[in-house]
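**Q** Pasting in a structure now, in structure tokens, and then I'll have a few things to ask.
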Amino acid sequence: MSKANNKMSHRLMEDNINYSDINILKKFISKNPIFTNNKKVLEFEKLWSKWLGVKYSIFVNSGSSANLLSIAYLKNKYKKGEIIVPALTWSSDIASVFHNNLKPVFVDINLNNLSMSLESIKKKINKNTVGIFLTHILGLNGISNDIINLCKKKKIFLIEDCCESHGAKFNSKKVGTYGSISNFSFYFAHHMTTIEGGMISTNSKDVYEICRMLRSHGLVRESQSLSLKKYYEKKYKDLNSQFIFSLPSYNVRSTEINAVLGINQLKNLNKNIYNRNKNFNFFLKNLDKKKYYSNFDLKGQSNYAFIIIFNEDYRNKKFRSKFEKILKQNNIEFRRGTSGGGNQMRQPYVRNILKFKEKDFKKFPNVEIVHHYGYYIGNYPSLKNQKIKQLCNILNNI
Ligand SMILES: Cc1ncc(COP(=O)(O)O)c(C=O)c1O
């Protein structure tokens, strides 16, 4: 409670960087080390791979850069084709498909896990489909045996966007270990932070080598494969081996400073996930089930923001205006549409290219519910039950 006006105040994110992080950073900087991508980045990548349960990871400067390189990898592999994407996701999941001249094909979601619906995927798969780009939304596990088996059967590449779901699990394994590539974000507002940052994780040596090059201008010297380096050197004898640019690429490297922060943040990740899940369970327990949807599939969850979706009787503009007015009055920060502002098909960067009209959006009823009547508000590890109850009281009394 703010003492000045006796009002609630609740931000989307708090306490994501603590004194231990700041002290570690000060210590590191005071040694005047190499600051550009170097040993600390490699150390962070190795620790992350171990924590997640994969062979390789590549640290980049954002989750969106991780998305971009994943799709660039697919473009390099297949040259053309369609990628099945959920209409509820972050903009860079779709933009990365456009940037690589592949075609995004949209599907609807399930309300209980906010992830792609199997039925919609089955309807959209065809001989041109080269990938499924699944997003685990707001810490809910979005993957299933059916989706994994479908990808295997059809020989379709599975990419998992885990930018909002670090540590969520399906069966006994963490999400991000099922796809051929998985992407994470360490933006300030996520489960852990490097301020800005992202990670690509994979068990595939090929993905690893190509993405290492894609991260750094396409430079062959970035690859850790001797045979790959030899191949290029032999084939392009007219080039200096330090300057062979294999593919049209990017520079999306991060720095040693961000990696040092990541290494320290990783130490608290499990504990923070535990606390946040506890908070979300308590939030749902105290929330009015008549007004708000609560039938989420919480198995394996790793929550970092409280999800609020209106129940059917409350899905109208009048209740929505009242809801937003009261949250604003109480200084409760919120985002409507949840992940990425809701239905990506409605966003100018998509609808102006694919020429979607209002009638097209209606074919995605669950995404539309979340777009118009879905929200998230902050959930941080230090949140106390008393404050969660206050939040619920405010929401329940709307
Ligand atoms: C699902 C999802 N994917 C990708 C991203 C992009 O991550 P970043 O902000 O690090 O670019 C976000 C951003 O928050 C996200 O929520």
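We label chains A, B, ... in the order they appear in the structure tokens, count residues from 1 in each chain, and number ligands from 1 in the order shown.
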How would you write, as a PyMOL selection string, the set of residues in stretch 11-136 of chain A that DSSP gives as alpha helix (DSSP H)?
**A** chain A and resi 19-30+39-52+63-78+91-99+118-124
**Q** Based on the selection just made, write C-alpha atoms of those residues as a compact mmCIF listing (two decimals), in the first residue's frame.
**A**
# COMPACT_ATOMS: atom_id res chain seq x y z
CA TYR A 19 21.77 -6.31 -4.57
CA SER A 20 23.60 -9.59 -5.12
CA ASP A 21 23.27 -9.04 -8.89
CA ILE A 22 24.49 -5.46 -8.61
CA ASN A 23 27.46 -6.46 -6.45
CA ILE A 24 28.48 -9.23 -8.83
CA LEU A 25 28.29 -6.81 -11.75
CA LYS A 26 30.34 -4.17 -9.90
CA LYS A 27 33.00 -6.74 -9.07
CA PHE A 28 33.14 -7.98 -12.64
CA ILE A 29 33.36 -4.51 -14.16
CA SER A 30 36.02 -3.35 -11.68
CA LYS A 39 34.22 -16.70 -21.68
CA LYS A 40 31.32 -15.59 -19.47
CA VAL A 41 28.90 -15.98 -22.36
CA LEU A 42 30.15 -19.54 -22.92
CA GLU A 43 29.90 -20.25 -19.19
CA PHE A 44 26.32 -18.95 -19.06
CA GLU A 45 25.40 -21.04 -22.12
CA LYS A 46 26.80 -24.19 -20.52
CA LEU A 47 25.03 -23.55 -17.20
CA TRP A 48 21.78 -22.82 -19.01
CA SER A 49 22.03 -26.02 -21.09
CA LYS A 50 22.59 -28.00 -17.89
CA TRP A 51 19.67 -26.33 -16.09
CA LEU A 52 17.34 -26.91 -19.05
CA GLY A 63 14.16 -13.53 -27.17
CA SER A 64 13.17 -11.97 -30.47
CA SER A 65 16.68 -12.51 -31.81
CA ALA A 66 16.38 -16.14 -30.72
CA ASN A 67 13.13 -16.32 -32.71
CA LEU A 68 14.76 -14.67 -35.72
CA LEU A 69 17.73 -17.05 -35.82
CA SER A 70 15.50 -20.12 -35.36
CA ILE A 71 13.44 -19.20 -38.39
CA ALA A 72 16.57 -18.17 -40.32
CA TYR A 73 17.86 -21.70 -39.63
CA LEU A 74 14.65 -23.15 -41.06
CA LYS A 75 14.84 -20.86 -44.08
CA ASN A 76 18.38 -22.03 -44.74
CA LYS A 77 17.29 -25.66 -44.41
CA TYR A 78 14.04 -25.65 -46.41
CA SER A 91 5.02 -10.26 -32.61
CA SER A 92 8.56 -11.50 -33.29
CA ASP A 93 7.31 -15.09 -33.65
CA ILE A 94 5.38 -13.98 -36.72
CA ALA A 95 7.70 -11.19 -37.87
CA SER A 96 10.64 -13.64 -37.98
CA VAL A 97 8.64 -15.80 -40.41
CA PHE A 98 7.94 -12.78 -42.63
CA HIS A 99 11.56 -11.63 -42.44
CA LEU A 118 -4.29 -29.79 -32.00
CA GLU A 119 -7.47 -29.80 -34.06
CA SER A 120 -6.58 -26.47 -35.69
CA ILE A 121 -3.05 -27.66 -36.40
CA LYS A 122 -4.36 -30.80 -38.08
CA LYS A 123 -6.62 -28.69 -40.31
CA LYS A 124 -3.74 -26.46 -41.43
**Q** Which chains and residue numbers are within 6 Å of ligand 1, counting only C-alpha atoms and all ligand atoms, if I want them as a count of residues only?
**A** 15
**Q** Near stretch 298-304 of chain A, counting only C-alpha atoms, which residues have an atom at most 9 Å away, once you skip same-chain residues fewer than 6 positions from it, shown as a PyMOL selection string?
**A** chain A and resi 112-113+138-141+164-172+174+189-191+273-274+276-281+378-381
**Q** Filtering to N, CA and C atoms, could you give me those residues as a PDB file, in the first residue's frame?
**A**
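Saved the output as part34.pdb:
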ATOM      1  N   ASN A 112      -7.628 -23.559 -21.997  1.00  0.00           N
ATOM      2  CA  ASN A 112      -7.079 -24.041 -20.718  1.00  0.00           C
ATOM      3  C   ASN A 112      -5.554 -24.012 -20.646  1.00  0.00           C
ATOM      4  N   ASN A 113      -4.872 -23.961 -21.804  1.00  0.00           N
ATOM      5  CA  ASN A 113      -3.408 -23.791 -21.717  1.00  0.00           C
ATOM      6  C   ASN A 113      -2.900 -22.664 -22.625  1.00  0.00           C
ATOM      7  N   LEU A 138       2.611 -17.523 -20.841  1.00  0.00           N
ATOM      8  CA  LEU A 138       2.507 -17.149 -19.421  1.00  0.00           C
ATOM      9  C   LEU A 138       2.739 -18.314 -18.460  1.00  0.00           C
ATOM     10  N   GLY A 139       3.723 -19.120 -18.768  1.00  0.00           N
ATOM     11  CA  GLY A 139       4.146 -20.186 -17.849  1.00  0.00           C
ATOM     12  C   GLY A 139       3.325 -21.454 -17.900  1.00  0.00           C
ATOM     13  N   LEU A 140       2.323 -21.497 -18.805  1.00  0.00           N
ATOM     14  CA  LEU A 140       1.528 -22.732 -18.917  1.00  0.00           C
ATOM     15  C   LEU A 140       2.190 -23.656 -19.933  1.00  0.00           C
ATOM     16  N   ASN A 141       2.270 -24.932 -19.595  1.00  0.00           N
ATOM     17  CA  ASN A 141       2.801 -25.864 -20.584  1.00  0.00           C
ATOM     18  C   ASN A 141       1.852 -25.933 -21.773  1.00  0.00           C
ATOM     19  N   GLU A 164       8.143 -17.093 -22.219  1.00  0.00           N
ATOM     20  CA  GLU A 164       7.334 -16.770 -21.040  1.00  0.00           C
ATOM     21  C   GLU A 164       7.215 -17.963 -20.105  1.00  0.00           C
ATOM     22  N   SER A 165       8.033 -18.990 -20.292  1.00  0.00           N
ATOM     23  CA  SER A 165       7.751 -20.234 -19.571  1.00  0.00           C
ATOM     24  C   SER A 165       8.999 -20.978 -19.115  1.00  0.00           C
ATOM     25  N   HIS A 166       9.989 -20.249 -18.669  1.00  0.00           N
ATOM     26  CA  HIS A 166      11.215 -20.871 -18.172  1.00  0.00           C
ATOM     27  C   HIS A 166      10.869 -21.827 -17.024  1.00  0.00           C
ATOM     28  N   GLY A 167      11.239 -23.061 -17.168  1.00  0.00           N
ATOM     29  CA  GLY A 167      11.046 -24.023 -16.072  1.00  0.00           C
ATOM     30  C   GLY A 167       9.700 -24.720 -16.062  1.00  0.00           C
ATOM     31  N   ALA A 168       8.792 -24.349 -16.980  1.00  0.00           N
ATOM     32  CA  ALA A 168       7.534 -25.107 -17.071  1.00  0.00           C
ATOM     33  C   ALA A 168       7.880 -26.513 -17.538  1.00  0.00           C
ATOM     34  N   LYS A 169       7.043 -27.483 -17.126  1.00  0.00           N
ATOM     35  CA  LYS A 169       7.369 -28.869 -17.479  1.00  0.00           C
ATOM     36  C   LYS A 169       6.224 -29.556 -18.202  1.00  0.00           C
ATOM     37  N   PHE A 170       6.603 -30.463 -19.087  1.00  0.00           N
ATOM     38  CA  PHE A 170       5.635 -31.410 -19.639  1.00  0.00           C
ATOM     39  C   PHE A 170       6.178 -32.803 -19.322  1.00  0.00           C
ATOM     40  N   ASN A 171       5.334 -33.651 -18.789  1.00  0.00           N
ATOM     41  CA  ASN A 171       5.799 -34.909 -18.209  1.00  0.00           C
ATOM     42  C   ASN A 171       6.910 -34.561 -17.222  1.00  0.00           C
ATOM     43  N   SER A 172       8.048 -35.202 -17.292  1.00  0.00           N
ATOM     44  CA  SER A 172       9.036 -34.873 -16.261  1.00  0.00           C
ATOM     45  C   SER A 172      10.116 -33.921 -16.777  1.00  0.00           C
ATOM     46  N   LYS A 174      11.579 -30.354 -18.796  1.00  0.00           N
ATOM     47  CA  LYS A 174      11.242 -28.938 -18.972  1.00  0.00           C
ATOM     48  C   LYS A 174      10.815 -28.659 -20.416  1.00  0.00           C
ATOM     49  N   ALA A 189      11.215  -8.193 -17.604  1.00  0.00           N
ATOM     50  CA  ALA A 189       9.938  -8.604 -17.001  1.00  0.00           C
ATOM     51  C   ALA A 189       9.724 -10.118 -16.980  1.00  0.00           C
ATOM     52  N   HIS A 190      10.731 -10.910 -17.239  1.00  0.00           N
ATOM     53  CA  HIS A 190      10.496 -12.356 -17.332  1.00  0.00           C
ATOM     54  C   HIS A 190      10.962 -13.112 -16.073  1.00  0.00           C
ATOM     55  N   HIS A 191      10.948 -14.448 -16.142  1.00  0.00           N
ATOM     56  CA  HIS A 191      11.265 -15.270 -14.955  1.00  0.00           C
ATOM     57  C   HIS A 191      12.637 -14.950 -14.378  1.00  0.00           C
ATOM     58  N   ILE A 273      10.696 -19.600  -9.221  1.00  0.00           N
ATOM     59  CA  ILE A 273       9.596 -20.293  -9.910  1.00  0.00           C
ATOM     60  C   ILE A 273       8.655 -20.914  -8.867  1.00  0.00           C
ATOM     61  N   TYR A 274       9.238 -21.518  -7.858  1.00  0.00           N
ATOM     62  CA  TYR A 274       8.435 -22.149  -6.791  1.00  0.00           C
ATOM     63  C   TYR A 274       7.528 -21.090  -6.142  1.00  0.00           C
ATOM     64  N   ARG A 276       6.599 -18.137  -7.274  1.00  0.00           N
ATOM     65  CA  ARG A 276       5.600 -17.564  -8.187  1.00  0.00           C
ATOM     66  C   ARG A 276       4.430 -18.528  -8.407  1.00  0.00           C
ATOM     67  N   ASN A 277       4.730 -19.822  -8.511  1.00  0.00           N
ATOM     68  CA  ASN A 277       3.642 -20.801  -8.667  1.00  0.00           C
ATOM     69  C   ASN A 277       2.736 -20.797  -7.446  1.00  0.00           C
ATOM     70  N   LYS A 278       3.365 -20.708  -6.288  1.00  0.00           N
ATOM     71  CA  LYS A 278       2.591 -20.661  -5.031  1.00  0.00           C
ATOM     72  C   LYS A 278       1.668 -19.429  -5.064  1.00  0.00           C
ATOM     73  N   ASN A 279       2.219 -18.306  -5.484  1.00  0.00           N
ATOM     74  CA  ASN A 279       1.424 -17.069  -5.569  1.00  0.00           C
ATOM     75  C   ASN A 279       0.228 -17.238  -6.509  1.00  0.00           C
ATOM     76  N   PHE A 280       0.496 -17.829  -7.675  1.00  0.00           N
ATOM     77  CA  PHE A 280      -0.586 -17.937  -8.671  1.00  0.00           C
ATOM     78  C   PHE A 280      -1.686 -18.878  -8.162  1.00  0.00           C
ATOM     79  N   ASN A 281      -1.282 -19.967  -7.516  1.00  0.00           N
ATOM     80  CA  ASN A 281      -2.291 -20.879  -6.961  1.00  0.00           C
ATOM     81  C   ASN A 281      -3.148 -20.159  -5.918  1.00  0.00           C
ATOM     82  N   GLY A 378       1.118  -8.397 -12.652  1.00  0.00           N
ATOM     83  CA  GLY A 378       2.409  -8.900 -12.155  1.00  0.00           C
ATOM     84  C   GLY A 378       2.318  -9.968 -11.068  1.00  0.00           C
ATOM     85  N   ASN A 379       3.271 -10.873 -11.117  1.00  0.00           N
ATOM     86  CA  ASN A 379       3.458 -11.876 -10.052  1.00  0.00           C
ATOM     87  C   ASN A 379       4.957 -11.983  -9.803  1.00  0.00           C
ATOM     88  N   TYR A 380       5.426 -11.445  -8.678  1.00  0.00           N
ATOM     89  CA  TYR A 380       6.864 -11.551  -8.417  1.00  0.00           C
ATOM     90  C   TYR A 380       7.133 -12.357  -7.159  1.00  0.00           C
ATOM     91  N   PRO A 381       8.315 -12.924  -7.076  1.00  0.00           N
ATOM     92  CA  PRO A 381       8.607 -13.878  -6.002  1.00  0.00           C
ATOM     93  C   PRO A 381       8.348 -13.327  -4.601  1.00  0.00           C
TER      94      PRO A 381
END
**Q** Hey, which of A:Gln265, A:Val107, A:Lys31, A:Val367 ends up closest to A:Asn18? Count only C-alpha atoms.
**A**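 Smallest distance to A:Asn18 is found for A:Gln265.
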**Q** Just list as a PyMOL selection string whatever in stretch 4-248 of chain A DSSP marks as strand (DSSP E).
**A** chain A and resi 56-60+82-86+103-107+129-135+157-161+169-170+173-174+181-185+198-202
**Q** Using N, CA and C atoms, can you write the selected residues to a file as a tab-separated table (two decimals), in the first residue's frame?
**A**
chain	number	residue	atom	x	y	z
A	56	TYR	N	23.15	-28.01	-26.14
A	56	TYR	CA	23.78	-26.75	-26.59
A	56	TYR	C	22.86	-25.55	-26.37
A	57	SER	N	23.47	-24.41	-26.09
A	57	SER	CA	22.71	-23.15	-26.03
A	57	SER	C	23.54	-22.03	-26.63
A	58	ILE	N	22.83	-21.03	-27.15
A	58	ILE	CA	23.49	-19.87	-27.77
A	58	ILE	C	22.84	-18.61	-27.20
A	59	PHE	N	23.64	-17.83	-26.51
A	59	PHE	CA	23.14	-16.61	-25.86
A	59	PHE	C	23.07	-15.47	-26.88
A	60	VAL	N	21.91	-14.84	-26.99
A	60	VAL	CA	21.74	-13.73	-27.93
A	60	VAL	C	21.18	-12.51	-27.19
A	82	GLU	N	5.65	-23.24	-45.28
A	82	GLU	CA	4.73	-22.62	-44.33
A	82	GLU	C	5.10	-23.01	-42.91
A	83	ILE	N	4.91	-22.05	-42.01
A	83	ILE	CA	5.13	-22.32	-40.58
A	83	ILE	C	3.80	-22.13	-39.88
A	84	ILE	N	3.36	-23.13	-39.15
A	84	ILE	CA	2.11	-23.01	-38.40
A	84	ILE	C	2.40	-22.28	-37.09
A	85	VAL	N	1.64	-21.19	-36.87
A	85	VAL	CA	1.87	-20.34	-35.69
A	85	VAL	C	0.55	-20.10	-34.97
A	86	PRO	N	0.60	-19.90	-33.65
A	86	PRO	CA	-0.64	-19.54	-32.95
A	86	PRO	C	-0.96	-18.07	-33.17
A	103	LYS	N	5.90	-18.49	-44.91
A	103	LYS	CA	4.51	-18.06	-44.77
A	103	LYS	C	3.95	-18.48	-43.41
A	104	PRO	N	3.48	-17.51	-42.59
A	104	PRO	CA	2.85	-17.90	-41.33
A	104	PRO	C	1.42	-18.37	-41.59
A	105	VAL	N	1.07	-19.51	-41.00
A	105	VAL	CA	-0.30	-20.02	-41.12
A	105	VAL	C	-0.87	-20.09	-39.70
A	106	PHE	N	-1.94	-19.32	-39.48
A	106	PHE	CA	-2.42	-19.13	-38.11
A	106	PHE	C	-3.37	-20.22	-37.65
A	107	VAL	N	-3.27	-20.56	-36.35
A	107	VAL	CA	-4.23	-21.49	-35.75
A	107	VAL	C	-4.76	-20.91	-34.44
A	129	THR	N	4.00	-27.48	-45.25
A	129	THR	CA	4.34	-27.14	-43.87
A	129	THR	C	5.74	-27.64	-43.54
A	130	VAL	N	6.60	-26.71	-43.11
A	130	VAL	CA	7.95	-27.14	-42.73
A	130	VAL	C	8.17	-27.04	-41.21
A	131	GLY	N	7.33	-26.24	-40.54
A	131	GLY	CA	7.56	-26.09	-39.10
A	131	GLY	C	6.30	-25.76	-38.33
A	132	ILE	N	6.33	-26.13	-37.06
A	132	ILE	CA	5.31	-25.67	-36.11
A	132	ILE	C	6.05	-24.85	-35.07
A	133	PHE	N	5.59	-23.62	-34.87
A	133	PHE	CA	6.26	-22.69	-33.94
A	133	PHE	C	5.30	-22.49	-32.77
A	134	LEU	N	5.50	-23.30	-31.76
A	134	LEU	CA	4.57	-23.32	-30.62
A	134	LEU	C	5.01	-22.33	-29.54
A	135	THR	N	4.04	-21.62	-28.94
A	135	THR	CA	4.38	-20.70	-27.84
A	135	THR	C	3.77	-21.20	-26.54
A	157	PHE	N	9.44	-29.75	-38.43
A	157	PHE	CA	10.34	-29.16	-37.44
A	157	PHE	C	9.52	-28.48	-36.33
A	158	LEU	N	9.84	-28.80	-35.07
A	158	LEU	CA	9.11	-28.17	-33.96
A	158	LEU	C	10.00	-27.15	-33.27
A	159	ILE	N	9.51	-25.91	-33.21
A	159	ILE	CA	10.22	-24.87	-32.45
A	159	ILE	C	9.34	-24.50	-31.27
A	160	GLU	N	9.96	-24.44	-30.09
A	160	GLU	CA	9.21	-24.04	-28.90
A	160	GLU	C	9.63	-22.63	-28.50
A	161	ASP	N	8.66	-21.72	-28.43
A	161	ASP	CA	8.93	-20.41	-27.84
A	161	ASP	C	8.62	-20.50	-26.35
A	169	LYS	N	7.04	-27.48	-17.13
A	169	LYS	CA	7.37	-28.87	-17.48
A	169	LYS	C	6.22	-29.56	-18.20
A	170	PHE	N	6.60	-30.46	-19.09
A	170	PHE	CA	5.63	-31.41	-19.64
A	170	PHE	C	6.18	-32.80	-19.32
A	173	LYS	N	9.98	-33.55	-18.06
A	173	LYS	CA	11.05	-32.71	-18.64
A	173	LYS	C	10.60	-31.25	-18.83
A	174	LYS	N	11.58	-30.35	-18.80
A	174	LYS	CA	11.24	-28.94	-18.97
A	174	LYS	C	10.81	-28.66	-20.42
A	181	ILE	N	14.39	-26.81	-31.73
A	181	ILE	CA	14.99	-25.56	-31.24
A	181	ILE	C	14.03	-24.99	-30.20
A	182	SER	N	14.58	-24.38	-29.16
A	182	SER	CA	13.70	-23.65	-28.25
A	182	SER	C	14.31	-22.29	-27.94
A	183	ASN	N	13.41	-21.35	-27.69
A	183	ASN	CA	13.84	-19.96	-27.50
A	183	ASN	C	13.39	-19.42	-26.15
A	184	PHE	N	14.26	-18.64	-25.52
A	184	PHE	CA	13.96	-18.05	-24.22
A	184	PHE	C	14.26	-16.56	-24.27
A	185	SER	N	13.53	-15.80	-23.43
A	185	SER	CA	13.82	-14.37	-23.29
A	185	SER	C	14.26	-14.10	-21.86
A	198	GLY	N	18.44	-13.26	-24.64
A	198	GLY	CA	17.67	-14.42	-25.05
A	198	GLY	C	18.58	-15.62	-25.23
A	199	MET	N	17.98	-16.79	-25.35
A	199	MET	CA	18.79	-18.00	-25.51
A	199	MET	C	18.11	-18.92	-26.54
A	200	ILE	N	18.95	-19.53	-27.37
A	200	ILE	CA	18.48	-20.59	-28.26
A	200	ILE	C	19.03	-21.88	-27.68
A	201	SER	N	18.19	-22.87	-27.48
A	201	SER	CA	18.67	-24.15	-26.94
A	201	SER	C	18.29	-25.28	-27.87
A	202	THR	N	19.14	-26.30	-27.92
A	202	THR	CA	18.92	-27.39	-28.88
A	202	THR	C	19.77	-28.61	-28.52
**Q** Rounded to one decimal, what separation in Å do you get between atom CA of A:Ile263 and atom CA of A:Glu196?
**A**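 Between atom CA of A:Ile263 and atom CA of A:Glu196 the gap is 13.9 Å.
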**Q** So, with only C-alpha atoms as the atoms that count, which of A:Cys151, A:Val54, A:Ile257, A:Leu12 lies closest to A:Tyr376?
**A**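 That would be A:Leu12, the residue with the smallest distance to A:Tyr376.
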**Q** Can you pull out the residues contacting A:Tyr292? Cut-off 7 Å, using only C-alpha atoms, and skip same-chain residues under 3 positions away; I want them as a list in words.
**A** Asp288, Lys289, Ile308, Ile309, Phe310 and Asn311 of chain A
**Q** Kindly export the residues of the current selection with all heavy atoms, as a PDB file, in the first residue's frame.
**A**
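Once written, result04.pdb looks like this:
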ATOM      1  N   ASP A 288     -12.817 -14.777  -7.829  1.00  0.00           N
ATOM      2  CA  ASP A 288     -14.226 -15.119  -8.026  1.00  0.00           C
ATOM      3  C   ASP A 288     -14.384 -15.954  -9.310  1.00  0.00           C
ATOM      4  O   ASP A 288     -14.217 -15.447 -10.422  1.00  0.00           O
ATOM      5  CB  ASP A 288     -15.031 -13.809  -8.134  1.00  0.00           C
ATOM      6  CG  ASP A 288     -16.522 -14.058  -8.270  1.00  0.00           C
ATOM      7  OD1 ASP A 288     -16.915 -15.210  -8.549  1.00  0.00           O
ATOM      8  OD2 ASP A 288     -17.289 -13.097  -8.100  1.00  0.00           O
ATOM      9  N   LYS A 289     -14.725 -17.230  -9.110  1.00  0.00           N
ATOM     10  CA  LYS A 289     -14.788 -18.154 -10.265  1.00  0.00           C
ATOM     11  C   LYS A 289     -16.004 -17.877 -11.161  1.00  0.00           C
ATOM     12  O   LYS A 289     -16.083 -18.385 -12.261  1.00  0.00           O
ATOM     13  CB  LYS A 289     -14.859 -19.627  -9.802  1.00  0.00           C
ATOM     14  CG  LYS A 289     -13.855 -20.034  -8.732  1.00  0.00           C
ATOM     15  CD  LYS A 289     -12.460 -20.161  -9.292  1.00  0.00           C
ATOM     16  CE  LYS A 289     -11.465 -20.613  -8.246  1.00  0.00           C
ATOM     17  NZ  LYS A 289     -11.282 -19.712  -7.095  1.00  0.00           N
ATOM     18  N   ILE A 308      -5.806 -13.337 -16.101  1.00  0.00           N
ATOM     19  CA  ILE A 308      -7.215 -13.029 -15.805  1.00  0.00           C
ATOM     20  C   ILE A 308      -7.988 -13.067 -17.117  1.00  0.00           C
ATOM     21  O   ILE A 308      -7.669 -12.318 -18.052  1.00  0.00           O
ATOM     22  CB  ILE A 308      -7.349 -11.613 -15.188  1.00  0.00           C
ATOM     23  CG1 ILE A 308      -6.485 -11.493 -13.919  1.00  0.00           C
ATOM     24  CG2 ILE A 308      -8.807 -11.293 -14.884  1.00  0.00           C
ATOM     25  CD1 ILE A 308      -6.299 -10.049 -13.445  1.00  0.00           C
ATOM     26  N   ILE A 309      -8.969 -13.964 -17.210  1.00  0.00           N
ATOM     27  CA  ILE A 309      -9.829 -14.012 -18.409  1.00  0.00           C
ATOM     28  C   ILE A 309     -11.284 -13.969 -17.936  1.00  0.00           C
ATOM     29  O   ILE A 309     -11.664 -14.746 -17.047  1.00  0.00           O
ATOM     30  CB  ILE A 309      -9.575 -15.295 -19.241  1.00  0.00           C
ATOM     31  CG1 ILE A 309      -8.113 -15.345 -19.726  1.00  0.00           C
ATOM     32  CG2 ILE A 309     -10.528 -15.350 -20.437  1.00  0.00           C
ATOM     33  CD1 ILE A 309      -7.716 -16.658 -20.383  1.00  0.00           C
ATOM     34  N   PHE A 310     -12.075 -13.083 -18.496  1.00  0.00           N
ATOM     35  CA  PHE A 310     -13.475 -12.971 -18.057  1.00  0.00           C
ATOM     36  C   PHE A 310     -14.236 -14.228 -18.463  1.00  0.00           C
ATOM     37  O   PHE A 310     -14.044 -14.761 -19.559  1.00  0.00           O
ATOM     38  CB  PHE A 310     -14.189 -11.778 -18.704  1.00  0.00           C
ATOM     39  CG  PHE A 310     -13.563 -10.436 -18.437  1.00  0.00           C
ATOM     40  CD1 PHE A 310     -13.986  -9.318 -19.164  1.00  0.00           C
ATOM     41  CD2 PHE A 310     -12.569 -10.268 -17.466  1.00  0.00           C
ATOM     42  CE1 PHE A 310     -13.415  -8.072 -18.934  1.00  0.00           C
ATOM     43  CE2 PHE A 310     -12.006  -9.026 -17.232  1.00  0.00           C
ATOM     44  CZ  PHE A 310     -12.421  -7.928 -17.972  1.00  0.00           C
ATOM     45  N   ASN A 311     -15.170 -14.639 -17.590  1.00  0.00           N
ATOM     46  CA  ASN A 311     -16.085 -15.714 -17.964  1.00  0.00           C
ATOM     47  C   ASN A 311     -17.159 -15.177 -18.912  1.00  0.00           C
ATOM     48  O   ASN A 311     -17.347 -13.953 -19.028  1.00  0.00           O
ATOM     49  CB  ASN A 311     -16.724 -16.315 -16.713  1.00  0.00           C
ATOM     50  CG  ASN A 311     -15.855 -17.433 -16.154  1.00  0.00           C
ATOM     51  OD1 ASN A 311     -15.062 -18.046 -16.880  1.00  0.00           O
ATOM     52  ND2 ASN A 311     -15.986 -17.702 -14.867  1.00  0.00           N
TER      53      ASN A 311
END
**Q** Do a neighbour search on stretch 221-229 of chain A at 7 Å with only C-alpha atoms, toss out local chain neighbours closer than 4 positions, and write the hits as a list in words.
**A** Glu209, Arg212, Met213, Glu233 and Gln242 of chain A
**Q** Which is closer to A:Asp108 than all the others in A:Ile388, A:Leu284, A:Leu88, A:Lys291, using only C-alpha atoms?
**A**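 Closest to A:Asp108 of all the choices is A:Leu88.
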**Q** Could you check the closest approach to A:Phe334 for each of A:Gly81, A:Asn251, A:Ile377, A:His372 and tell me which residue wins, using only C-alpha atoms?
**A**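 Of A:Gly81, A:Asn251, A:Ile377, A:His372, the one nearest A:Phe334, counting only C-alpha atoms, is A:Ile377.
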**Q** For atom CA of A:Gly374 and atom CA of A:Glu312, quote the distance in Å rounded to one decimal.
**A**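 Between these atoms lies a distance of 11.7 Å.
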**Q** For each of A:Leu261, A:Ile125, A:Ile307, A:Ile143, take the minimum atom-to-atom distance to A:Ser294, counting only C-alpha atoms, then give the residue where this is smallest.
**A** A:Ile307
**Q** For A:Lys55, which residue among A:Asn286, A:Asn16, A:Asn149, A:Ser180 is the nearest when counting only C-alpha atoms?
**A** A:Ser180
